[in-house]
Structure formats: C-alpha cells, structure tokens
file final.cif (mmCIF, C-alpha atoms)
data_structure
#
loop_
_atom_site.label_atom_id
_atom_site.label_comp_id
_atom_site.auth_asym_id
_atom_site.auth_seq_id
_atom_site.Cartn_x
_atom_site.Cartn_y
_atom_site.Cartn_z
CA SER H 7 -89.14 53.55 -18.07
CA ASN H 8 -88.03 55.51 -15.04
CA THR H 9 -86.27 53.76 -12.17
CA ILE H 10 -87.02 54.88 -8.61
CA ARG H 11 -84.44 53.98 -5.97
CA VAL H 12 -85.39 53.99 -2.31
CA SER H 13 -82.51 54.47 0.14
CA MET H 14 -82.79 52.21 3.16
CA ASP H 15 -79.51 53.43 4.61
CA SER H 16 -79.14 54.13 8.33
CA ILE H 17 -76.55 55.78 10.55
CA ALA H 18 -75.21 54.40 13.83
CA ILE H 19 -73.39 56.05 16.74
CA VAL H 20 -70.85 54.24 18.88
CA ALA H 21 -69.21 55.55 22.08
CA ASP H 22 -65.67 54.47 22.87
CA LYS H 23 -66.60 53.95 26.55
CA ASP H 24 -69.52 52.05 28.02
CA LEU H 25 -69.19 54.05 31.25
CA SER H 26 -67.61 57.44 31.77
CA CYS H 27 -67.14 59.77 34.69
CA ILE H 28 -68.14 63.42 34.77
CA GLY H 29 -65.40 65.37 33.05
CA ASP H 30 -64.05 62.38 31.09
CA THR H 31 -63.55 62.74 27.36
CA VAL H 32 -65.81 60.43 25.35
CA THR H 33 -65.41 59.84 21.63
CA LEU H 34 -68.59 59.39 19.56
CA LYS H 35 -68.22 57.79 16.13
CA ALA H 36 -71.00 57.92 13.55
CA THR H 37 -71.11 55.71 10.47
CA PRO H 38 -68.44 57.30 8.25
CA ARG H 39 -69.84 56.84 4.72
CA PHE H 40 -72.11 59.89 4.77
CA THR H 41 -71.61 63.63 4.24
CA HIS H 42 -72.78 66.86 5.87
CA TYR H 43 -72.72 65.61 9.45
CA ASN H 44 -74.58 67.72 11.94
CA TRP H 45 -74.36 67.12 15.72
CA MET H 46 -76.68 68.31 18.47
CA ALA H 47 -76.28 68.06 22.27
CA GLY H 48 -79.83 68.21 23.48
CA THR H 49 -81.10 71.39 21.81
CA ASP H 50 -77.62 72.90 21.42
CA GLN H 51 -75.93 72.92 18.05
CA LEU H 52 -72.36 71.58 18.07
CA ALA H 53 -69.65 72.91 15.79
CA ALA H 54 -68.51 69.45 14.66
CA THR H 55 -69.11 68.52 11.00
CA ASP H 56 -67.19 65.25 10.95
CA SER H 57 -68.36 61.72 11.71
CA ILE H 58 -66.28 61.72 14.93
CA ILE H 59 -66.64 64.10 17.85
CA LYS H 60 -65.18 64.30 21.35
CA ILE H 61 -67.44 65.30 24.23
CA MET H 62 -67.06 65.89 27.99
CA PRO H 63 -70.54 65.39 29.43
CA THR H 64 -71.23 66.85 32.88
CA ALA H 65 -74.80 65.56 33.03
CA THR H 66 -76.92 62.97 31.25
CA THR H 67 -77.16 64.27 27.67
CA THR H 68 -78.64 62.99 24.43
CA TYR H 69 -76.42 63.51 21.39
CA LYS H 70 -78.02 63.46 17.94
CA VAL H 71 -76.32 63.20 14.56
CA SER H 72 -77.79 63.72 11.10
CA ALA H 73 -76.07 63.29 7.73
CA LYS H 74 -76.74 62.97 3.99
CA THR H 75 -76.51 59.79 2.00
CA ALA H 76 -75.06 59.58 -1.50
CA PHE H 77 -78.59 60.09 -2.81
CA GLY H 78 -79.13 63.23 -0.73
CA CYS H 79 -81.39 61.56 1.80
CA MET H 80 -81.13 62.54 5.48
CA VAL H 81 -80.35 59.91 8.08
CA GLU H 82 -80.18 60.46 11.82
CA ASN H 83 -79.70 58.71 15.09
CA SER H 84 -79.07 59.57 18.75
CA ILE H 85 -77.28 58.23 21.80
CA THR H 86 -77.72 59.14 25.46
CA ILE H 87 -74.60 59.41 27.61
CA PRO H 88 -75.22 59.22 31.39
CA PRO H 89 -71.90 60.14 33.05
CA LEU H 90 -71.15 58.57 36.39
CA ILE H 91 -71.14 60.93 39.35
CA PRO H 92 -68.03 60.30 41.47
CA GLN H 93 -68.40 59.70 45.19
CA LYS H 94 -67.77 63.07 46.80
CA VAL H 95 -64.74 63.38 49.04
CA SER H 96 -64.38 66.09 51.71
CA ILE H 97 -61.58 66.75 54.21
CA GLY H 98 -63.14 69.80 55.83
CA GLN H 99 -62.79 73.56 55.77
CA ASP H 100 -59.60 75.55 56.32
CA THR H 101 -58.84 75.50 60.03
CA ALA H 102 -56.24 76.35 62.67
CA ILE H 103 -54.91 74.35 65.61
CA CYS H 104 -52.55 75.04 68.48
CA GLU H 105 -48.87 74.63 67.80
CA GLY H 106 -47.70 71.19 68.88
CA SER H 107 -51.08 69.51 68.38
CA ALA H 108 -52.42 67.54 65.42
CA ILE H 109 -55.70 66.86 63.61
CA THR H 110 -56.95 64.00 61.49
CA LEU H 111 -57.99 64.65 57.89
CA ASP H 112 -60.50 62.01 56.83
CA ALA H 113 -61.48 61.50 53.19
CA GLY H 114 -64.13 58.94 54.10
CA MET H 115 -64.42 55.18 53.62
CA GLY H 116 -65.73 53.21 50.66
CA LEU H 117 -63.35 54.49 47.98
CA SER H 118 -60.97 52.23 46.12
CA SER H 119 -57.83 54.38 46.41
CA TYR H 120 -56.52 57.57 47.98
CA GLU H 121 -53.59 59.80 47.08
CA TRP H 122 -52.67 62.60 49.50
CA SER H 123 -50.39 65.53 48.79
CA THR H 124 -48.19 64.12 51.57
CA GLY H 125 -47.69 60.90 49.60
CA GLU H 126 -49.85 58.81 51.93
CA THR H 127 -52.49 56.45 50.53
CA THR H 128 -54.73 55.78 53.54
CA PRO H 129 -58.33 57.03 53.94
CA SER H 130 -57.22 59.42 56.71
CA ILE H 131 -53.98 61.10 57.73
CA GLN H 132 -52.80 62.99 60.81
CA VAL H 133 -51.16 66.38 60.25
CA SER H 134 -49.52 68.90 62.55
CA LYS H 135 -47.61 71.27 60.26
CA ALA H 136 -49.04 74.43 58.72
CA GLY H 137 -49.67 74.22 54.99
CA ASN H 138 -52.04 73.12 52.23
CA TYR H 139 -53.28 69.54 52.13
CA ALA H 140 -55.11 67.81 49.27
CA VAL H 141 -56.43 64.36 48.45
CA ILE H 142 -57.54 62.67 45.23
CA ALA H 143 -59.75 59.61 45.69
CA LYS H 144 -60.97 57.04 43.17
CA ASP H 145 -64.29 55.26 43.57
CA ALA H 146 -65.27 51.75 42.45
CA ASN H 147 -66.16 53.03 38.95
CA GLY H 148 -62.75 54.63 38.52
CA CYS H 149 -64.13 58.16 38.89
CA LEU H 150 -61.96 60.72 40.68
CA SER H 151 -62.93 63.22 43.34
CA SER H 152 -60.68 65.67 45.15
CA ASP H 153 -60.66 68.16 47.99
CA ASN H 154 -58.15 70.42 49.71
CA MET H 155 -57.80 72.53 52.83
CA ARG H 156 -55.28 74.83 54.55
CA LEU H 157 -54.01 74.27 58.08
CA SER H 158 -52.71 77.18 60.17
CA LEU H 159 -51.06 77.10 63.60
CA HIS H 160 -51.83 79.27 66.63
CA PRO H 161 -48.68 80.06 68.67
CA LEU H 162 -48.71 78.72 72.21
CA PRO H 163 -48.95 81.14 75.13
CA LYS H 164 -45.95 81.32 77.45
CA ALA H 165 -46.35 80.43 81.11
CA PHE H 166 -43.61 81.27 83.60
CA LEU H 167 -43.35 80.92 87.36
CA PRO H 168 -40.26 82.20 89.25
CA LYS H 169 -37.90 79.49 90.44
CA ASN H 170 -37.16 80.94 93.88
CA GLU H 171 -37.12 78.00 96.29
CA ILE H 172 -37.21 80.29 99.33
CA LEU H 173 -39.87 82.99 99.68
CA CYS H 174 -40.24 85.69 102.28
CA LYS H 175 -43.63 85.83 103.96
CA GLY H 176 -45.54 88.96 103.03
CA GLN H 177 -42.87 90.15 100.60
CA ASN H 178 -42.52 87.86 97.59
CA ASP H 179 -44.85 85.02 98.52
CA ILE H 180 -47.29 85.68 95.63
CA LEU H 181 -46.82 83.81 92.35
CA PHE H 182 -47.77 85.96 89.33
CA ALA H 183 -48.99 84.32 86.10
CA PRO H 184 -48.89 86.37 82.86
CA ALA H 185 -51.90 88.60 82.21
CA GLY H 186 -54.54 88.10 79.54
CA PHE H 187 -55.46 84.43 79.96
CA SER H 188 -57.66 82.10 81.95
CA TYR H 189 -55.91 80.21 84.75
CA LEU H 190 -55.94 76.90 86.58
CA TRP H 191 -53.66 76.31 89.56
CA GLN H 192 -52.80 72.99 91.17
CA ASP H 193 -55.65 73.30 93.69
CA ASN H 194 -58.22 74.44 91.05
CA THR H 195 -57.83 78.12 91.91
CA THR H 196 -58.60 80.24 88.83
CA THR H 197 -57.15 83.65 89.75
CA GLN H 198 -54.19 85.19 87.95
CA ASN H 199 -52.05 85.41 91.09
CA TYR H 200 -51.56 82.85 93.85
CA ARG H 201 -50.39 83.41 97.42
CA VAL H 202 -48.09 80.69 98.69
CA LEU H 203 -48.83 79.73 102.29
CA ASN H 204 -46.87 76.50 102.61
CA PRO H 205 -43.82 74.85 101.04
CA GLY H 206 -44.60 72.47 98.21
CA ALA H 207 -44.98 72.05 94.44
CA TYR H 208 -47.02 74.66 92.58
CA TRP H 209 -48.10 74.82 88.94
CA VAL H 210 -50.33 76.93 86.75
CA GLN H 211 -51.93 76.23 83.38
CA ILE H 212 -52.90 79.20 81.22
CA ASN H 213 -55.41 79.11 78.35
CA ASP H 214 -55.70 81.71 75.59
CA ALA H 215 -58.67 82.72 73.44
CA ASN H 216 -57.78 80.08 70.81
CA GLY H 217 -57.92 77.28 73.37
CA CYS H 218 -54.15 76.88 73.37
CA THR H 219 -52.54 76.07 76.71
CA ALA H 220 -49.18 76.33 78.45
CA LYS H 221 -48.05 75.12 81.86
CA ASP H 222 -45.20 75.88 84.25
CA SER H 223 -44.30 74.76 87.75
CA THR H 224 -42.07 75.66 90.66
CA THR H 225 -41.13 74.13 94.01
CA ILE H 226 -41.06 76.17 97.20
CA THR H 227 -38.94 74.66 100.00
CA LEU H 228 -39.24 77.40 102.61
CA ILE H 229 -41.38 80.43 103.43
CA ALA H 230 -39.14 82.47 105.67
CA GLU H 231 -40.25 84.98 108.26
CA PRO H 232 -38.71 88.41 107.59
CA PRO H 233 -36.17 89.52 110.23
CA GLN H 234 -37.59 91.86 112.91
CA HIS H 235 -36.25 94.12 115.71
CA PHE H 236 -32.67 93.76 114.53
CA ILE H 237 -31.47 97.30 115.35
CA LEU H 238 -31.48 99.32 118.56
CA ARG H 239 -34.87 100.55 119.71
CA ASP H 240 -35.62 104.31 120.07
CA THR H 241 -33.09 105.88 122.40
CA ALA H 242 -31.26 109.07 123.37
CA LEU H 243 -27.54 109.56 122.96
CA CYS H 244 -24.94 112.14 123.75
CA LEU H 245 -23.95 113.70 120.43
CA SER H 246 -20.46 114.34 121.78
CA GLU H 247 -19.87 110.64 121.64
CA PRO H 248 -19.60 108.81 118.31
CA PHE H 249 -22.24 106.15 117.76
CA LEU H 250 -22.40 103.38 115.19
CA LEU H 251 -25.78 101.78 114.49
CA SER H 252 -25.71 98.16 113.32
CA PRO H 253 -28.00 95.09 113.31
CA HIS H 254 -27.79 92.64 116.17
CA GLN H 255 -26.82 89.86 113.77
CA PRO H 256 -25.25 89.65 110.31
CA PHE H 257 -27.42 89.55 107.18
CA ALA H 258 -26.80 88.94 103.47
CA SER H 259 -27.38 92.58 102.45
CA TYR H 260 -28.34 95.96 103.90
CA LEU H 261 -30.17 99.10 102.77
CA TRP H 262 -30.41 102.10 105.10
CA ASN H 263 -32.84 104.97 104.67
CA ASN H 264 -30.12 107.19 103.16
CA GLY H 265 -29.22 104.57 100.55
CA SER H 266 -26.19 103.19 102.34
CA THR H 267 -25.57 99.46 101.90
CA GLN H 268 -23.00 99.10 104.67
CA ALA H 269 -23.53 96.90 107.71
CA VAL H 270 -22.70 99.79 110.08
CA PHE H 271 -24.38 103.19 109.97
CA PRO H 272 -22.72 106.20 111.71
CA VAL H 273 -25.30 108.30 113.57
CA GLN H 274 -24.41 112.01 113.47
CA THR H 275 -27.73 113.83 113.92
CA VAL H 276 -31.01 113.41 115.66
CA GLY H 277 -33.55 111.58 113.50
CA SER H 278 -35.25 108.37 112.49
CA TYR H 279 -33.16 105.58 111.04
CA THR H 280 -34.30 102.50 109.22
#
call {"tool": "encode", "arguments": {"input": "final.cif", "output": "structure tokens"}}
result
Amino acid sequence: SNTIRVSMDSIAIVADKDLSCIGDTVTLKATPRFTHYNWMAGTDQLAATDSIIKIMPTATTTYKVSAKTAFGCMVENSITIPPLIPQKVSIGQDTAICEGSAITLDAGMGLSSYEWSTGETTPSIQVSKAGNYAVIAKDANGCLSSDNMRLSLHPLPKAFLPKNEILCKGQNDILFAPAGFSYLWQDNTTTQNYRVLNPGAYWVQINDANGCTAKDSTTITLIAEPPQHFILRDTALCLSEPFLLSPHQPFASYLWNNGSTQAVFPVQTVGSYT
C-alpha cells in the first residue's frame, strides 16, 4: 500500500528587539530547519536567502518569509515591525547676533538626556561665540534625535565723541557722531550731530542695520566765548614810522592773514590785517 505523509510543519519569525527606533538595526530570525528562504518587505523582494536577516525599518513594515520543508512543502509567516518615532528636537535655524551678546539654544523639555557639541548636558545652553552647534537628545524610549545650527557674529559699530573738555562757542561746539547709523543722544535727540549749549555730560548711542549698538560719552566743563576786538581798530599811520601790530593781551597761539604765527606783526603797507 502507498503511504501518504502530510506535513504539519510551520515557520516562526522572531525579532531580537521588542521595540526599535527608526534607523535601528533589527535582526529577524526564522525557524532554521528549512531551505530556500525568501523574504519580502511589504511588496518588495529582499535579497536575503538565509533564515536570518537584518533590517532598518523607517516606517511600519510587514516582513514575510517563505521556505521549503524537507518534503518540498512551502511554509510562510509574517511579522510587522512598527519602529518608534523619536521625539523631534530643534535648536533653530542658522542665525547671527551682535558681537558681545549671547543667545539661548533650546532643545526642548521632556527628553531623557541631552548631549551638546559643547559638552553640556542641559536642555538649553547659552552661546556667544561664532561656530557650529549641535545636540543629540534621547527620548524615554531610547530613540535619538539631533539638530544643528551655525552662529555668526555681526561686528559692533564704533562710536566716538571727542574728549575736549573746553569748547569754543560757535567754533567747535558741535559733537559729530559717525555717519551711517541711527542715533540717540542723552536728551533723546536723534540727529547725527549735536550742538553743545551748556557744560555737562553728553553721550550718544548709535545703532546699525543689524541692530548692533555702540555708545560713547564725553564731559564738557566749559564753553568759552571766542576772543574779540583784541587788535587795534581801523586807523591811519605815517608810513615813515615803523609800526608793530599786536593783540591787546597774550594768547596761546596766533595766525595772521599772511600765515605768520608770531605774536607781533610788522605793518609795512596799507591794507587789511587779521
């Protein structure tokens, strides 16, 4: 008589991890006593022909395996792997700040650990130097998420006010701030230049197009009246007699209309002298 054998064999699939994060390597092991293994990921054919394969799922995927028994019968089974999506971390876009200032990079709360490129391990850090910054964060499931950004620095504008404590009225009594900025003086004046009317402390803050600021100050102790009527008024002289023109009182320096810097000017011809 003929004997008919019915194969009741079955194939199982076991994953080496109950939970996995996107990008993690997961090992799938099928029952090893069969031959001609064939693996599918969804509708995609995989190249593996062994009972063990390694996968890196990026989305929930069903993996199917089929194989032949010793009697040539086909067995198959499937397993669905739903990878865990890590909590997204973001520290912002590349940005620039004014030199000397700082910004806070915040990776967000609710993660189990943080590792910054600076070596810090807090959820947020404060940075002031130009460069690249990155963070890797781990969530409660052990999944990793990362982000990075570049920080650039805007140079500060330069503000300068002259440090002359004594000014001469109508001559150098205007303070000039550098051109090309917006301005704020100590009394809320917003013009580039400022006329000093009284002794006191004066300052100006300048702001550039990047929002960077600089400030300088000066103290004026005296606004002096320029000397007046200090040489002889218009007159007539006898040219046969020598005449020396000089101020009525001594001064720190002199400049005559012919370029002379002497205190005394010899008059030799008819004319106008200053």
call {"tool": "residues_around", "arguments": {"input": "final.cif", "residues": "Gly148 in chain H", "least_positions_apart": "5", "cutoff": "10 Å", "atoms": "only C-alpha atoms", "output": "CSV table (one decimal) with C-alpha atoms, in the frame of the given file"}}
result
chain,number,residue,atom,x,y,z
H,25,LEU,CA,-69.2,54.0,31.2
H,26,SER,CA,-67.6,57.4,31.8
H,27,CYS,CA,-67.1,59.8,34.7
H,90,LEU,CA,-71.2,58.6,36.4
H,92,PRO,CA,-68.0,60.3,41.5
H,117,LEU,CA,-63.4,54.5,48.0
H,118,SER,CA,-61.0,52.2,46.1
H,119,SER,CA,-57.8,54.4,46.4
H,143,ALA,CA,-59.8,59.6,45.7
call {"tool": "atom_distance", "arguments": {"input": "final.cif", "atom1": "CA of Gln211 in chain H", "atom2": "CA of His160 in chain H"}}
result
17.0 Å
call {"tool": "closest_residue", "arguments": {"input": "final.cif", "among": "H:Leu181, H:Val71, H:Met155, H:Met115", "to": "Leu52 in chain H", "atoms": "all atoms listed in the file"}}
result
H:Val71
call {"tool": "resolve_selection", "arguments": {"input": "final.cif", "expression": "the PyMOL selection byres ((chain H and resi 41) around 9)", "output": "list of chain:residue names"}}
result
H:Pro38, H:Arg39, H:Phe40, H:His42, H:Tyr43, H:Thr55, H:Asp56, H:Ser57, H:Ala73, H:Lys74, H:Thr75, H:Ala76
call {"tool": "resolve_selection", "arguments": {"input": "final.cif", "expression": "the PyMOL selection byres ((chain H and resi 206) around 10)", "output": "list in words"}}
result
Glu171, Val202, Leu203, Asn204, Pro205, Ala207, Tyr208, Thr224, Thr225, Ile226, Thr227 and Leu228 of chain H
call {"tool": "closest_residue", "arguments": {"input": "final.cif", "among": "H:Met80, H:Ala53, H:Met62, H:Val20", "to": "Thr37 in chain H", "atoms": "all atoms listed in the file"}}
result
H:Val20
call {"tool": "closest_residue", "arguments": {"input": "final.cif", "among": "H:Ser134, H:Thr196, H:Thr128, H:Gln99", "to": "Ala113 in chain H", "atoms": "only C-alpha atoms"}}
result
H:Thr128
call {"tool": "closest_residue", "arguments": {"input": "final.cif", "among": "H:Arg201, H:Lys164, H:Lys175, H:Lys144", "to": "Ala220 in chain H", "atoms": "all atoms listed in the file"}}
result
H:Lys164
call {"tool": "resolve_selection", "arguments": {"input": "final.cif", "expression": "the PyMOL selection byres ((chain H and resi 199) around 7)", "output": "NGL selection string"}}
result
:H and (180-183 or 197-198 or 200-201)
call {"tool": "write_last_selection", "arguments": {"input": "final.cif", "atoms": "C-alpha atoms", "output": "PDB file, keeping the file's coordinate frame"}}
result
ATOM      1  CA  ILE H 180     -47.290  85.680  95.630  1.00  0.00           C
ATOM      2  CA  LEU H 181     -46.820  83.810  92.350  1.00  0.00           C
ATOM      3  CA  PHE H 182     -47.770  85.960  89.330  1.00  0.00           C
ATOM      4  CA  ALA H 183     -48.990  84.320  86.100  1.00  0.00           C
ATOM      5  CA  THR H 197     -57.150  83.650  89.750  1.00  0.00           C
ATOM      6  CA  GLN H 198     -54.190  85.190  87.950  1.00  0.00           C
ATOM      7  CA  TYR H 200     -51.560  82.850  93.850  1.00  0.00           C
ATOM      8  CA  ARG H 201     -50.390  83.410  97.420  1.00  0.00           C
TER       9      ARG H 201
END
call {"tool": "atom_distance", "arguments": {"input": "final.cif", "atom1": "CA of Trp209 in chain H", "atom2": "CA of Leu159 in chain H"}}
result
25.6 Å
call {"tool": "residues_near_point", "arguments": {"input": "final.cif", "point": "(-60.0, 71.8, 53.1)", "cutoff": "12 Å", "atoms": "all atoms listed in the file", "output": "VMD selection string"}}
result
chain H and resid 95 to 102 110 to 113 137 to 141 152 to 158
call {"tool": "closest_residue", "arguments": {"input": "final.cif", "among": "H:Asn213, H:Thr66, H:Ser107, H:Ser72", "to": "Gly186 in chain H", "atoms": "only C-alpha atoms"}}
result
H:Asn213
call {"tool": "closest_residue", "arguments": {"input": "final.cif", "among": "H:Gly217, H:Gly176, H:Pro168, H:Pro88", "to": "Tyr189 in chain H", "atoms": "all atoms listed in the file"}}
result
H:Gly217
